[in-house]
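Working notes, structure below.
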Amino acid sequence: MDDAKGGDRDAVETAPLPFRAAVDALRTARLRPQIEIEPTRAPQRLAPYAYALEAAVVDGEEDLADGRLVLLHDPAGHDAWQGSFRLVTLVRAELEPEMAADPLLPDVCWSWLTGALQARGLSYGEASGTVTRASSHYFGGMSERPPASQIEIRASWTPREGLGGAPDTASHLASWCDLLAQIAGLPPAGPGDASVVTLPQRRGPQSR
């Protein structure tokens, strides 16, 4: 994949070697074909070095889910992270209203995130985040539109660093894509994921 912004590419090329290795692994990771992914502008104030990707789960012309994954790196380490790398994500999808009303939905969605990491045998720590569900009802000139519900996962975790000081970001990206596919309602990608429970696909297209 090519970087969307030349400035981001220049910043990566002058970054410390562990960060460059982590970004190279993200760029070359092989992902399931239903997921379209591309680099995007990274936040500038969260860490000395950052790299960001945005993705959408696509079925024909319909986006079933979308998200953003940011890799942060502070060579000096960060007390809150308990490490020098951090992954930050936003994942969201629209739901059927009856699914959004399930009181267990937030717990289930959070377990999908941790389960996606564990399913690939990834070592991580300091996971934290929120699961938010929201409903929209339309009135007046928009009253013919059916109610819409959305689930949103915001989370971050510290990937454990391997040889050379860089974490296995390719595998973390693959697990993140597993989460995206799961929240979009896609069938499991492989035999190791056969027991997962997915959300039913939503009714209408979702704008990015």
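Following the order of the structure tokens, first chain is A, next is B, and so on, with residues numbered from 1 inside each chain and ligands from 1 in the order they appear.
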Original post:
What's the 12 Å shell around Gln44 in chain A, counting only C-alpha atoms, without same-chain residues fewer than 2 positions away, as a ChimeraX atom specification?
Top reply: /A:7-8,11,41-42,46-52,70-73
Restricted to all heavy atoms, what would the selected residues look like written as a compact mmCIF listing (two decimals), in the first residue's frame?
```
# COMPACT_ATOMS: atom_id res chain seq x y z
N GLY A 7 4.45 13.77 3.35
CA GLY A 7 5.04 14.18 4.62
C GLY A 7 5.09 13.05 5.61
O GLY A 7 6.06 12.89 6.35
N ASP A 8 4.03 12.20 5.67
CA ASP A 8 4.04 11.06 6.56
C ASP A 8 5.14 10.09 6.17
O ASP A 8 5.81 9.51 7.01
CB ASP A 8 2.68 10.36 6.51
CG ASP A 8 1.61 11.14 7.24
OD1 ASP A 8 1.95 12.16 7.87
OD2 ASP A 8 0.43 10.76 7.16
N ALA A 11 8.46 11.35 7.39
CA ALA A 11 8.59 11.22 8.83
C ALA A 11 8.93 9.79 9.21
O ALA A 11 9.72 9.55 10.12
CB ALA A 11 7.30 11.67 9.52
N ARG A 41 -3.73 10.41 7.28
CA ARG A 41 -2.94 11.33 8.10
C ARG A 41 -2.97 10.90 9.56
O ARG A 41 -4.02 10.69 10.14
CB ARG A 41 -3.48 12.75 7.96
CG ARG A 41 -2.78 13.78 8.81
CD ARG A 41 -1.35 14.04 8.34
NE ARG A 41 -1.31 14.75 7.07
CZ ARG A 41 -0.19 15.03 6.42
NH1 ARG A 41 0.98 14.64 6.92
NH2 ARG A 41 -0.23 15.68 5.27
N ALA A 42 -1.80 10.77 10.16
CA ALA A 42 -1.70 10.34 11.55
C ALA A 42 -1.78 11.53 12.49
O ALA A 42 -1.37 12.64 12.13
CB ALA A 42 -0.39 9.59 11.77
N LEU A 46 0.03 12.89 19.82
CA LEU A 46 -0.13 11.81 20.78
C LEU A 46 1.18 11.13 21.14
O LEU A 46 1.30 10.53 22.21
CB LEU A 46 -1.12 10.76 20.22
CG LEU A 46 -2.54 11.25 19.95
CD1 LEU A 46 -3.39 10.12 19.41
CD2 LEU A 46 -3.16 11.83 21.21
N ALA A 47 2.15 11.21 20.23
CA ALA A 47 3.44 10.56 20.45
C ALA A 47 4.45 11.16 19.48
O ALA A 47 4.06 11.78 18.48
CB ALA A 47 3.32 9.05 20.23
N PRO A 48 5.74 10.99 19.74
CA PRO A 48 6.74 11.52 18.81
C PRO A 48 6.63 10.95 17.40
O PRO A 48 6.95 11.63 16.43
CB PRO A 48 8.07 11.12 19.47
CG PRO A 48 7.76 11.00 20.93
CD PRO A 48 6.37 10.46 20.98
N TYR A 49 6.17 9.70 17.29
CA TYR A 49 6.04 9.06 15.98
C TYR A 49 4.67 8.38 15.90
O TYR A 49 4.22 7.74 16.86
CB TYR A 49 7.15 8.04 15.76
CG TYR A 49 8.53 8.64 15.88
CD1 TYR A 49 9.24 8.58 17.09
CD2 TYR A 49 9.11 9.31 14.80
CE1 TYR A 49 10.49 9.14 17.21
CE2 TYR A 49 10.37 9.88 14.92
CZ TYR A 49 11.05 9.81 16.12
OH TYR A 49 12.29 10.38 16.24
N ALA A 50 4.03 8.52 14.74
CA ALA A 50 2.70 7.94 14.57
C ALA A 50 2.48 7.57 13.11
O ALA A 50 3.01 8.21 12.20
CB ALA A 50 1.62 8.91 15.03
N TYR A 51 1.68 6.53 12.92
CA TYR A 51 1.31 6.08 11.57
C TYR A 51 -0.12 5.59 11.65
O TYR A 51 -0.50 4.91 12.61
CB TYR A 51 2.24 4.95 11.11
CG TYR A 51 2.00 4.50 9.69
CD1 TYR A 51 2.50 5.23 8.62
CD2 TYR A 51 1.28 3.34 9.43
CE1 TYR A 51 2.29 4.81 7.30
CE2 TYR A 51 1.08 2.92 8.12
CZ TYR A 51 1.58 3.65 7.07
OH TYR A 51 1.37 3.24 5.77
N ALA A 52 -0.94 5.93 10.66
CA ALA A 52 -2.36 5.62 10.73
C ALA A 52 -2.87 4.97 9.46
O ALA A 52 -2.40 5.25 8.35
CB ALA A 52 -3.17 6.90 11.01
N VAL A 70 -4.25 3.39 14.58
CA VAL A 70 -3.10 4.29 14.70
C VAL A 70 -2.01 3.59 15.50
O VAL A 70 -2.27 3.06 16.59
CB VAL A 70 -3.50 5.61 15.39
CG1 VAL A 70 -2.29 6.52 15.50
CG2 VAL A 70 -4.62 6.30 14.62
N LEU A 71 -0.81 3.59 14.95
CA LEU A 71 0.36 3.08 15.66
C LEU A 71 1.14 4.26 16.23
O LEU A 71 1.53 5.17 15.49
CB LEU A 71 1.25 2.29 14.70
CG LEU A 71 2.60 1.82 15.26
CD1 LEU A 71 2.39 0.75 16.33
CD2 LEU A 71 3.49 1.30 14.14
N LEU A 72 1.36 4.25 17.53
CA LEU A 72 2.11 5.30 18.21
C LEU A 72 3.43 4.73 18.73
O LEU A 72 3.49 3.57 19.13
CB LEU A 72 1.30 5.86 19.39
CG LEU A 72 -0.09 6.42 19.09
CD1 LEU A 72 -0.78 6.82 20.39
CD2 LEU A 72 -0.03 7.58 18.13
N HIS A 73 4.45 5.58 18.75
CA HIS A 73 5.75 5.15 19.26
C HIS A 73 6.44 6.29 20.00
O HIS A 73 6.55 7.40 19.48
CB HIS A 73 6.65 4.67 18.12
CG HIS A 73 8.01 4.24 18.56
ND1 HIS A 73 8.22 3.33 19.58
CD2 HIS A 73 9.26 4.60 18.11
CE1 HIS A 73 9.52 3.14 19.74
NE2 HIS A 73 10.18 3.90 18.87
```
### Task
Point out the residue among A:Gln150, A:Ser171, A:Gln182, A:Gln118 with the least atom-to-atom distance to Thr132 in chain A, counting only C-alpha atoms.
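The shortest atom-to-atom distance to Thr132 in chain A comes from A:Gln150.
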The residue from A:Arg45, A:Leu173, A:Asp178, A:Ala184 with the smallest atom-to-atom distance to Glu62 in chain A, counting only C-alpha atoms, is A:Ala184
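Of the listed residues A:Leu180, A:Leu87, A:Leu17, A:Leu95, the one whose atoms come nearest to Tyr124 in chain A is A:Leu87, with distances taken using only C-alpha atoms.
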**Prompt:** Got a sec to tell me which of range 29-204 of chain A DSSP assigns to helix (DSSP H, G or I), as a ChimeraX atom specification?
**Reply:** /A:97-100,105-119,140-142,163-165,169-184,191-193
**OP:** Could you give me, as a VMD selection string, the residues within 10 Å of Phe19 in chain A, counting only C-alpha atoms and dropping anything in the same chain fewer than 2 positions from it?
**Re:** chain A and resid 12 to 17 21 to 25 49 to 51 71 to 75 84 to 85 165 to 167
Dump of N, CA, C and O atoms for the selected residues, as a compact mmCIF listing (two decimals), in the first residue's frame:
```
# COMPACT_ATOMS: atom_id res chain seq x y z
N VAL A 12 8.34 8.81 8.53
CA VAL A 12 8.63 7.42 8.82
C VAL A 12 10.07 7.09 8.47
O VAL A 12 10.78 6.41 9.22
N GLU A 13 10.54 7.58 7.34
CA GLU A 13 11.89 7.24 6.88
C GLU A 13 12.98 7.79 7.79
O GLU A 13 14.10 7.27 7.80
N THR A 14 12.68 8.83 8.55
CA THR A 14 13.66 9.40 9.47
C THR A 14 13.43 8.97 10.92
O THR A 14 14.12 9.45 11.82
N ALA A 15 12.48 8.07 11.15
CA ALA A 15 12.14 7.61 12.50
C ALA A 15 13.12 6.53 12.95
O ALA A 15 13.88 5.98 12.15
N PRO A 16 13.11 6.20 14.25
CA PRO A 16 13.96 5.11 14.75
C PRO A 16 13.65 3.79 14.05
O PRO A 16 12.52 3.55 13.60
N LEU A 17 14.64 2.92 13.99
CA LEU A 17 14.51 1.65 13.27
C LEU A 17 13.34 0.80 13.74
O LEU A 17 12.62 0.24 12.90
N ALA A 21 10.43 -0.49 11.19
CA ALA A 21 10.14 -1.90 10.99
C ALA A 21 8.66 -2.19 11.25
O ALA A 21 8.03 -2.97 10.52
N ALA A 22 8.10 -1.56 12.28
CA ALA A 22 6.69 -1.78 12.61
C ALA A 22 5.79 -1.25 11.50
O ALA A 22 4.79 -1.88 11.14
N VAL A 23 6.13 -0.10 10.93
CA VAL A 23 5.34 0.47 9.84
C VAL A 23 5.47 -0.37 8.58
O VAL A 23 4.48 -0.62 7.88
N ASP A 24 6.68 -0.84 8.27
CA ASP A 24 6.87 -1.68 7.09
C ASP A 24 6.01 -2.94 7.18
O ASP A 24 5.46 -3.39 6.17
N ALA A 25 5.89 -3.50 8.37
CA ALA A 25 5.06 -4.69 8.55
C ALA A 25 3.59 -4.38 8.29
O ALA A 25 2.86 -5.20 7.71
N TYR A 49 6.17 9.70 17.29
CA TYR A 49 6.04 9.06 15.98
C TYR A 49 4.67 8.38 15.90
O TYR A 49 4.22 7.74 16.86
N ALA A 50 4.03 8.52 14.74
CA ALA A 50 2.70 7.94 14.57
C ALA A 50 2.48 7.57 13.11
O ALA A 50 3.01 8.21 12.20
N TYR A 51 1.68 6.53 12.92
CA TYR A 51 1.31 6.08 11.57
C TYR A 51 -0.12 5.59 11.65
O TYR A 51 -0.50 4.91 12.61
N LEU A 71 -0.81 3.59 14.95
CA LEU A 71 0.36 3.08 15.66
C LEU A 71 1.14 4.26 16.23
O LEU A 71 1.53 5.17 15.49
N LEU A 72 1.36 4.25 17.53
CA LEU A 72 2.11 5.30 18.21
C LEU A 72 3.43 4.73 18.73
O LEU A 72 3.49 3.57 19.13
N HIS A 73 4.45 5.58 18.75
CA HIS A 73 5.75 5.15 19.26
C HIS A 73 6.44 6.29 20.00
O HIS A 73 6.55 7.40 19.48
N ASP A 74 6.86 5.99 21.21
CA ASP A 74 7.66 6.92 22.01
C ASP A 74 8.91 6.16 22.43
O ASP A 74 8.84 5.28 23.31
N PRO A 75 10.07 6.44 21.81
CA PRO A 75 11.29 5.68 22.13
C PRO A 75 11.67 5.72 23.61
O PRO A 75 12.30 4.78 24.10
N SER A 84 6.84 1.14 24.71
CA SER A 84 7.16 2.26 23.82
C SER A 84 6.26 2.32 22.60
O SER A 84 6.37 3.25 21.80
N PHE A 85 5.38 1.33 22.41
CA PHE A 85 4.42 1.33 21.31
C PHE A 85 3.00 1.27 21.87
O PHE A 85 2.76 0.73 22.96
N GLY A 165 13.12 -4.77 19.01
CA GLY A 165 12.35 -3.71 19.64
C GLY A 165 11.03 -3.39 18.99
O GLY A 165 10.29 -2.54 19.48
N ALA A 166 10.70 -4.05 17.87
CA ALA A 166 9.44 -3.77 17.18
C ALA A 166 8.41 -4.85 17.47
O ALA A 166 8.75 -6.03 17.50
N PRO A 167 7.14 -4.49 17.69
CA PRO A 167 6.10 -5.49 17.88
C PRO A 167 5.70 -6.12 16.54
O PRO A 167 6.05 -5.60 15.47
```
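Nearest residue to Asp63 in chain A among A:Ala80, A:Gly121, A:Thr40, A:Glu94 is A:Glu94, counting only C-alpha atoms.
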### Task
Take CA of Ser123 in chain A and CA of Glu161 in chain A and report the distance between them in Å, one decimal.
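Between these atoms lies a distance of 8.8 Å.
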Counting only C-alpha atoms, the residue among A:Ser135, A:Ser111, A:Ser143, A:Thr89 that lies closest to Trp157 in chain A is A:Thr89
What separates CA of Phe139 in chain A and CA of Ala93 in chain A is a distance of 22.5 Å
Kindly give the distance, in Å, that separates CA of Val58 in chain A and CA of Pro39 in chain A, rounded to a single decimal.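 Straight-line distance from CA of Val58 in chain A to CA of Pro39 in chain A works out to 16.9 Å.
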- Item | Near-Trp176 in chain A list (12 Å; only C-alpha atoms; drop same-chain fewer than 6 positions) as a PyMOL selection string | chain A and resi 26+29+31-32+35+37+53-57+66-70+87-91+112-120+122+153+155-157+169-170+182-183
Output N, CA, C and O atoms of each residue in that selection to a file, as a short mmCIF file (atom, residue, chain, number, x, y, z; two decimals), in the first residue's frame.
```
data_model
loop_
_atom_site.label_atom_id
_atom_site.label_comp_id
_atom_site.auth_asym_id
_atom_site.auth_seq_id
_atom_site.Cartn_x
_atom_site.Cartn_y
_atom_site.Cartn_z
N LEU A 26 3.14 -3.20 8.70
CA LEU A 26 1.76 -2.80 8.41
C LEU A 26 1.54 -2.63 6.91
O LEU A 26 0.50 -3.02 6.37
N ALA A 29 1.35 -6.24 5.10
CA ALA A 29 0.48 -7.29 5.62
C ALA A 29 -0.54 -7.71 4.56
O ALA A 29 -1.05 -6.89 3.80
N LEU A 31 -4.22 -9.15 3.78
CA LEU A 31 -5.51 -9.09 4.46
C LEU A 31 -6.59 -9.72 3.59
O LEU A 31 -6.43 -9.87 2.38
N ARG A 32 -7.72 -10.04 4.22
CA ARG A 32 -8.81 -10.64 3.45
C ARG A 32 -9.36 -9.64 2.45
O ARG A 32 -9.39 -8.42 2.71
N ILE A 35 -11.75 -6.32 2.78
CA ILE A 35 -11.34 -5.15 3.55
C ILE A 35 -10.46 -4.26 2.70
O ILE A 35 -9.40 -4.68 2.22
N ILE A 37 -8.12 -1.02 2.62
CA ILE A 37 -7.34 -0.32 3.62
C ILE A 37 -6.34 0.60 2.95
O ILE A 37 -5.83 0.29 1.87
N LEU A 53 -3.85 4.10 9.63
CA LEU A 53 -4.54 3.43 8.53
C LEU A 53 -6.04 3.58 8.73
O LEU A 53 -6.52 3.64 9.87
N GLU A 54 -6.78 3.64 7.63
CA GLU A 54 -8.23 3.57 7.70
C GLU A 54 -8.69 2.44 6.80
O GLU A 54 -8.05 2.14 5.79
N ALA A 55 -9.79 1.82 7.19
CA ALA A 55 -10.25 0.64 6.46
C ALA A 55 -11.77 0.62 6.41
O ALA A 55 -12.45 1.22 7.25
N ALA A 56 -12.28 -0.09 5.42
CA ALA A 56 -13.71 -0.32 5.29
C ALA A 56 -13.94 -1.77 4.87
O ALA A 56 -13.18 -2.31 4.06
N VAL A 57 -14.96 -2.38 5.43
CA VAL A 57 -15.39 -3.70 5.00
C VAL A 57 -16.44 -3.50 3.93
O VAL A 57 -17.49 -2.89 4.17
N ASP A 66 -16.49 0.34 9.18
CA ASP A 66 -15.25 1.08 8.89
C ASP A 66 -14.48 1.31 10.17
O ASP A 66 -15.00 1.11 11.28
N GLY A 67 -13.24 1.71 10.03
CA GLY A 67 -12.42 1.91 11.22
C GLY A 67 -11.11 2.60 10.91
O GLY A 67 -10.78 2.86 9.75
N ARG A 68 -10.39 2.87 11.97
CA ARG A 68 -9.11 3.57 11.89
C ARG A 68 -8.19 2.94 12.91
O ARG A 68 -8.59 2.67 14.05
N LEU A 69 -6.94 2.69 12.51
CA LEU A 69 -5.94 2.10 13.41
C LEU A 69 -4.71 2.99 13.39
O LEU A 69 -4.19 3.32 12.32
N VAL A 70 -4.25 3.39 14.58
CA VAL A 70 -3.10 4.29 14.70
C VAL A 70 -2.01 3.59 15.50
O VAL A 70 -2.27 3.06 16.59
N LEU A 87 -1.19 0.87 20.16
CA LEU A 87 -2.15 0.82 19.06
C LEU A 87 -3.47 1.40 19.54
O LEU A 87 -3.96 1.04 20.62
N VAL A 88 -4.03 2.29 18.75
CA VAL A 88 -5.29 2.98 19.09
C VAL A 88 -6.26 2.76 17.94
O VAL A 88 -5.89 2.90 16.76
N THR A 89 -7.50 2.43 18.25
CA THR A 89 -8.45 2.11 17.18
C THR A 89 -9.83 2.69 17.42
O THR A 89 -10.26 2.94 18.55
N LEU A 90 -10.51 2.88 16.31
CA LEU A 90 -11.94 3.18 16.27
C LEU A 90 -12.55 2.24 15.24
O LEU A 90 -12.08 2.17 14.11
N VAL A 91 -13.59 1.51 15.64
CA VAL A 91 -14.32 0.61 14.74
C VAL A 91 -15.80 0.89 14.90
O VAL A 91 -16.29 1.05 16.03
N TRP A 112 -14.96 -9.35 21.54
CA TRP A 112 -14.51 -9.58 20.17
C TRP A 112 -13.12 -9.00 19.96
O TRP A 112 -12.30 -9.58 19.27
N LEU A 113 -12.86 -7.82 20.53
CA LEU A 113 -11.54 -7.21 20.39
C LEU A 113 -10.47 -8.07 21.07
O LEU A 113 -9.47 -8.44 20.45
N THR A 114 -10.66 -8.38 22.33
CA THR A 114 -9.67 -9.17 23.04
C THR A 114 -9.58 -10.58 22.45
O THR A 114 -8.48 -11.15 22.36
N GLY A 115 -10.71 -11.13 22.03
CA GLY A 115 -10.70 -12.45 21.44
C GLY A 115 -9.96 -12.50 20.11
O GLY A 115 -9.28 -13.49 19.81
N ALA A 116 -10.05 -11.42 19.32
CA ALA A 116 -9.34 -11.37 18.05
C ALA A 116 -7.83 -11.38 18.27
O ALA A 116 -7.08 -12.01 17.52
N LEU A 117 -7.37 -10.70 19.30
CA LEU A 117 -5.94 -10.69 19.63
C LEU A 117 -5.50 -12.05 20.15
O LEU A 117 -4.45 -12.58 19.75
N GLN A 118 -6.29 -12.63 21.03
CA GLN A 118 -5.93 -13.91 21.62
C GLN A 118 -5.96 -15.03 20.59
O GLN A 118 -5.15 -15.97 20.66
N ALA A 119 -6.89 -14.95 19.63
CA ALA A 119 -7.01 -16.00 18.63
C ALA A 119 -5.75 -16.12 17.78
O ALA A 119 -5.45 -17.20 17.25
N ARG A 120 -5.01 -15.04 17.64
CA ARG A 120 -3.76 -15.08 16.87
C ARG A 120 -2.53 -15.21 17.77
O ARG A 120 -1.41 -15.04 17.31
N LEU A 122 -1.43 -13.32 20.20
CA LEU A 122 -0.67 -12.08 20.38
C LEU A 122 -0.54 -11.72 21.86
O LEU A 122 -1.50 -11.84 22.62
N ILE A 153 -16.63 1.00 18.72
CA ILE A 153 -15.61 0.54 19.67
C ILE A 153 -14.41 1.47 19.56
O ILE A 153 -13.85 1.64 18.47
N ALA A 155 -10.68 1.84 21.36
CA ALA A 155 -9.83 1.04 22.24
C ALA A 155 -8.36 1.32 21.97
O ALA A 155 -8.00 1.85 20.91
N SER A 156 -7.53 0.95 22.93
CA SER A 156 -6.09 1.02 22.74
C SER A 156 -5.44 -0.10 23.55
O SER A 156 -5.99 -0.55 24.56
N TRP A 157 -4.29 -0.54 23.10
CA TRP A 157 -3.55 -1.59 23.80
C TRP A 157 -2.07 -1.49 23.44
O TRP A 157 -1.69 -0.87 22.46
N THR A 169 3.44 -6.02 14.30
CA THR A 169 2.29 -5.20 13.90
C THR A 169 1.46 -5.83 12.78
O THR A 169 0.26 -5.56 12.69
N ALA A 170 2.07 -6.65 11.94
CA ALA A 170 1.30 -7.31 10.88
C ALA A 170 0.22 -8.20 11.48
O ALA A 170 -0.92 -8.21 11.02
N GLN A 182 -15.82 -9.13 11.81
CA GLN A 182 -16.80 -9.70 12.73
C GLN A 182 -17.93 -8.71 13.01
O GLN A 182 -19.11 -9.07 12.99
N ILE A 183 -17.58 -7.47 13.26
CA ILE A 183 -18.62 -6.48 13.56
C ILE A 183 -19.44 -6.15 12.31
O ILE A 183 -20.59 -5.72 12.41
#
```
List as an MDAnalysis selection string the protein and nucleic acid residues near Thr158 in chain A, meaning an atom at most 8 Å away when only C-alpha atoms are counted, but skip any in the same chain fewer than 3 places from it.
chainID A and resid 81:83 85:87 124:127
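Distance check against Ile151 in chain A using only C-alpha atoms: of A:Cys109, A:Leu104, A:Leu186, A:Ala76, the minimum falls on A:Cys109.
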